[in-house]
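Structure first, then comments.
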Amino acid sequence: AHVDQRRAAVGLPPLADYLAGFAQRSGGRVSDGSREKPVPNSPPLTQGLFAAEDDTRTAYDKLKQIMPEPGPAGLPFQVACREFCARFPDSSYYGAVRVLAARAWTRLREPELSAPEAWDPTDADRDPKLNPEQRAEIAVTVATNRASRQAAAAGDAWEEAMFTSAAGALRPHLATRYAKDYLVRTALALPPSRVIPLLRELYPDDPSVAAGIRALEQIGRPCELRFTALDGRTIDLRDYHGRAVLLACWAGGIGSSTANARTMSTLKDLIAQHSAADLAVIGVSFDRSREAAEKVVAEHGWSWPVYFDGQGWSNALAERFQIKSLPCYLLIDRQGILRFRGMQITTPTAAQRLATVVTENPPPAAP
């Protein structure tokens, strides 16, 4: 409503002028909506996740709201994505649906991975109808899922498998923002000596990757931090020397409630395995609302201090340590040296790292 009046208020030309200029600059035409309609003689639908009378936006919105189930129960979603793409092959939502299908494919099990017939969610990274970012995401989704399955079967480190598989899959997509963000995010959970040379090889002059490398270079160096906790306590990491410190980063509104509950349960179990004289825990809240942060603390009965500044993903620790995904953890040893960082505290690798920093250089026994 009143779009031209609102555009003028911020110094923009009428929308019609902008659209005409956009079409001229791009060498195309403003869409008349014909691509959002079913192609002639579309085959009848065999699933009930969206209906024949739905336009592309309605059908896509319905698919986007579905949480595909694992195993055979997830096959109807793949059928729905296949029928959407056959029904609306030129739609502006075509690529987005192919991304949804690839993500849902990761929840299937053998032998469902090869079904349904005439539909392969894993080949969309070669589909010219998708934009470069979509192709990059699908290439990573498929490659890392396969690597994760293989790592689980072989007992290998999950973080290493994710980075190695992503680096291989993304070489044709290095110019995309998705590739850079994903590689930096997964690299930050691995030893710097393992990943920094490859990041420099792939992105010798990229500022965002350089920031990730600087964060990696902090591992093995003293880690200083001083702040006022959510409950008003003044926290200084120098006061924790002699104990290992676990920085657990989270946000109450990010991720499913089941995943968050599993993370918190794992944290409590790990903490219970070590005495307060050996291990201290500091929470880092990425919530923007103090009420949301306090709700999480109350729900889980936390007694440890929590860093909160209300800046969400823009908080000072996120920038300093280049935290790109949640949950995330950092481990500091008894001498105050940042030793490890990782994504999931629920993994065996995280438990092993925690045991390492706790058992190294224990304080001398009292006489």
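All residue names refer to the structure tokens as shown: chains lettered A, B, ... in order, residues numbered from 1 in each chain, ligands numbered from 1 in order.
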
Just the residues within 7 Å of segment 279-293 of chain A, please, counting only C-alpha atoms, with nothing from its chain fewer than 3 positions along; format it as JSON, numbers by chain. {"A": [243, 244, 245, 246, 247, 248, 249, 250, 251, 252, 274, 275, 276, 296, 297, 304, 305, 306, 307, 308, 310, 311, 312, 313, 358]}

Skip Leu330 of chain A itself and residues of its chain fewer than 2 positions away, then list as number ranges by chain all residues within 10 Å of it, counting only C-alpha atoms. A: 189, 219, 245-249, 282, 321, 328, 332, 338-343, 345, 350, 354

For Gly336 of chain A, which residue among A:Ala96, A:Leu225, A:Ala8, A:Ala261 is the nearest when counting only C-alpha atoms? A:Leu225

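You will find atom CA of Pro38 of chain A at 22.5 Å from atom CA of Ala102 of chain A.
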
All strand (DSSP E or B) positions in segment 198-350 of chain A, as a ChimeraX atom specification: /A:222,226-228,234-236,244-250,279-285,306-307,328-332,337-342

If you count only C-alpha atoms, which residues fall within 6 Å of Ser165 of chain A, apart from same-chain ones fewer than 2 positions away, as a list in words?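 Residues near the query, excluding close chain neighbours: Ala143, Thr144, Met162, Phe163, Ala167 and Gly168 of chain A.
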
Could you list, as a PyMOL selection string, every residue within 10 Å of Ala59 of chain A, counting only C-alpha atoms and ignoring same-chain residues fewer than 4 positions away? chain A and resi 49-55+63-64+80-81+84+93+97

Would you mind exporting all heavy atoms of the selected residues as a compact mmCIF listing (two decimals), in the first residue's frame?
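Result file follows (again-v4.txt):
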# COMPACT_ATOMS: atom_id res chain seq x y z
N LEU A 49 0.49 -33.12 0.00
CA LEU A 49 1.17 -32.07 0.74
C LEU A 49 0.89 -30.68 0.16
O LEU A 49 1.00 -29.69 0.86
CB LEU A 49 2.67 -32.34 0.77
CG LEU A 49 3.08 -33.68 1.41
CD1 LEU A 49 4.59 -33.79 1.50
CD2 LEU A 49 2.46 -33.82 2.79
N PHE A 50 0.56 -30.61 -1.12
CA PHE A 50 0.01 -29.40 -1.70
C PHE A 50 -1.03 -29.82 -2.72
O PHE A 50 -1.06 -30.97 -3.17
CB PHE A 50 1.08 -28.48 -2.30
CG PHE A 50 1.74 -28.99 -3.54
CD1 PHE A 50 1.21 -28.72 -4.80
CD2 PHE A 50 2.91 -29.73 -3.48
CE1 PHE A 50 1.82 -29.18 -5.96
CE2 PHE A 50 3.54 -30.19 -4.62
CZ PHE A 50 2.99 -29.92 -5.87
N ALA A 51 -1.92 -28.90 -3.09
CA ALA A 51 -3.08 -29.24 -3.91
C ALA A 51 -2.96 -28.71 -5.33
O ALA A 51 -2.16 -27.80 -5.61
CB ALA A 51 -4.35 -28.69 -3.25
N ALA A 52 -3.78 -29.26 -6.22
CA ALA A 52 -3.73 -28.88 -7.63
C ALA A 52 -4.11 -27.43 -7.83
O ALA A 52 -3.64 -26.78 -8.78
CB ALA A 52 -4.67 -29.79 -8.44
N GLU A 53 -4.95 -26.88 -6.96
CA GLU A 53 -5.37 -25.48 -7.13
C GLU A 53 -4.36 -24.49 -6.54
O GLU A 53 -4.52 -23.28 -6.69
CB GLU A 53 -6.73 -25.25 -6.48
CG GLU A 53 -6.78 -25.51 -4.99
CD GLU A 53 -7.15 -26.95 -4.65
OE1 GLU A 53 -7.02 -27.81 -5.55
OE2 GLU A 53 -7.54 -27.19 -3.49
N ASP A 54 -3.32 -24.97 -5.89
CA ASP A 54 -2.33 -24.09 -5.28
C ASP A 54 -1.45 -23.44 -6.34
O ASP A 54 -1.01 -24.11 -7.29
CB ASP A 54 -1.43 -24.86 -4.31
CG ASP A 54 -2.18 -25.30 -3.05
OD1 ASP A 54 -3.22 -24.71 -2.74
OD2 ASP A 54 -1.70 -26.26 -2.41
N ASP A 55 -1.17 -22.15 -6.18
CA ASP A 55 -0.17 -21.52 -7.03
C ASP A 55 1.22 -21.85 -6.46
O ASP A 55 1.34 -22.51 -5.43
CB ASP A 55 -0.41 -20.02 -7.15
CG ASP A 55 -0.34 -19.30 -5.80
OD1 ASP A 55 0.16 -19.89 -4.81
OD2 ASP A 55 -0.79 -18.15 -5.73
N LEU A 63 5.26 -26.67 1.51
CA LEU A 63 6.42 -27.57 1.59
C LEU A 63 7.44 -27.06 2.60
O LEU A 63 8.04 -27.84 3.34
CB LEU A 63 7.08 -27.70 0.21
CG LEU A 63 6.25 -28.41 -0.86
CD1 LEU A 63 6.99 -28.40 -2.19
CD2 LEU A 63 5.94 -29.85 -0.45
N LYS A 64 7.61 -25.75 2.65
CA LYS A 64 8.62 -25.16 3.54
C LYS A 64 8.26 -25.39 5.00
O LYS A 64 9.15 -25.43 5.86
CB LYS A 64 8.75 -23.67 3.23
CG LYS A 64 9.91 -23.00 3.95
CD LYS A 64 10.13 -21.59 3.45
CE LYS A 64 8.93 -20.70 3.76
NZ LYS A 64 9.21 -19.27 3.46
N ALA A 80 6.40 -34.97 -3.37
CA ALA A 80 5.81 -33.64 -3.51
C ALA A 80 6.78 -32.68 -4.18
O ALA A 80 6.39 -31.87 -5.04
CB ALA A 80 5.39 -33.12 -2.14
N CYS A 81 8.07 -32.74 -3.81
CA CYS A 81 9.06 -31.86 -4.44
C CYS A 81 9.21 -32.20 -5.92
O CYS A 81 9.32 -31.29 -6.77
CB CYS A 81 10.40 -31.99 -3.72
SG CYS A 81 10.41 -31.31 -2.05
N PHE A 84 6.18 -30.82 -7.70
CA PHE A 84 6.25 -29.36 -7.80
C PHE A 84 7.14 -28.97 -8.98
O PHE A 84 6.78 -28.12 -9.79
CB PHE A 84 6.80 -28.77 -6.51
CG PHE A 84 6.90 -27.26 -6.53
CD1 PHE A 84 5.95 -26.48 -5.90
CD2 PHE A 84 7.95 -26.61 -7.19
CE1 PHE A 84 6.04 -25.09 -5.92
CE2 PHE A 84 8.04 -25.23 -7.21
CZ PHE A 84 7.07 -24.46 -6.58
N TYR A 93 10.36 -20.35 -7.66
CA TYR A 93 10.56 -21.17 -6.46
C TYR A 93 11.17 -22.53 -6.79
O TYR A 93 11.39 -23.33 -5.89
CB TYR A 93 9.23 -21.39 -5.74
CG TYR A 93 8.64 -20.12 -5.18
CD1 TYR A 93 7.65 -19.43 -5.88
CD2 TYR A 93 9.06 -19.60 -3.97
CE1 TYR A 93 7.11 -18.26 -5.39
CE2 TYR A 93 8.53 -18.42 -3.47
CZ TYR A 93 7.56 -17.76 -4.18
OH TYR A 93 7.03 -16.60 -3.69
N VAL A 97 12.78 -25.19 -3.99
CA VAL A 97 12.20 -26.51 -3.73
C VAL A 97 13.25 -27.60 -3.89
O VAL A 97 13.30 -28.57 -3.12
CB VAL A 97 10.98 -26.76 -4.63
CG1 VAL A 97 10.51 -28.21 -4.55
CG2 VAL A 97 9.85 -25.83 -4.24

Could you please write out, as a VMD selection string, every residue of segment 96-340 of chain A that DSSP assigns to helix (DSSP H, G or I)? chain A and resid 96 to 105 112 to 114 121 to 126 132 to 154 158 to 169 171 to 173 177 to 187 192 to 202 207 to 216 237 to 240 257 to 272 290 to 300 312 to 314 316 to 321

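One distance worth recording is that between atom CA of Asp181 of chain A and atom CA of Gly212 of chain A, which is 9.3 Å.
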
Distance criterion (only C-alpha atoms): nearest to Met264 of chain A out of A:Thr346, A:Ser34, A:Gln65, A:Thr228: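 Looking at the shortest contact to Met264 of chain A, the residue is A:Thr346.
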
Any idea what's packed within 12 Å of Met67 of chain A, counting only C-alpha atoms, ignoring anything in its chain fewer than 6 positions away? Could you give it as a VMD selection string? chain A and resid 49 73 to 74 76 to 78 100 to 101 103 to 105 107 256

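Atom CA of Ser193 of chain A is found 25.9 Å from atom CA of Leu237 of chain A.
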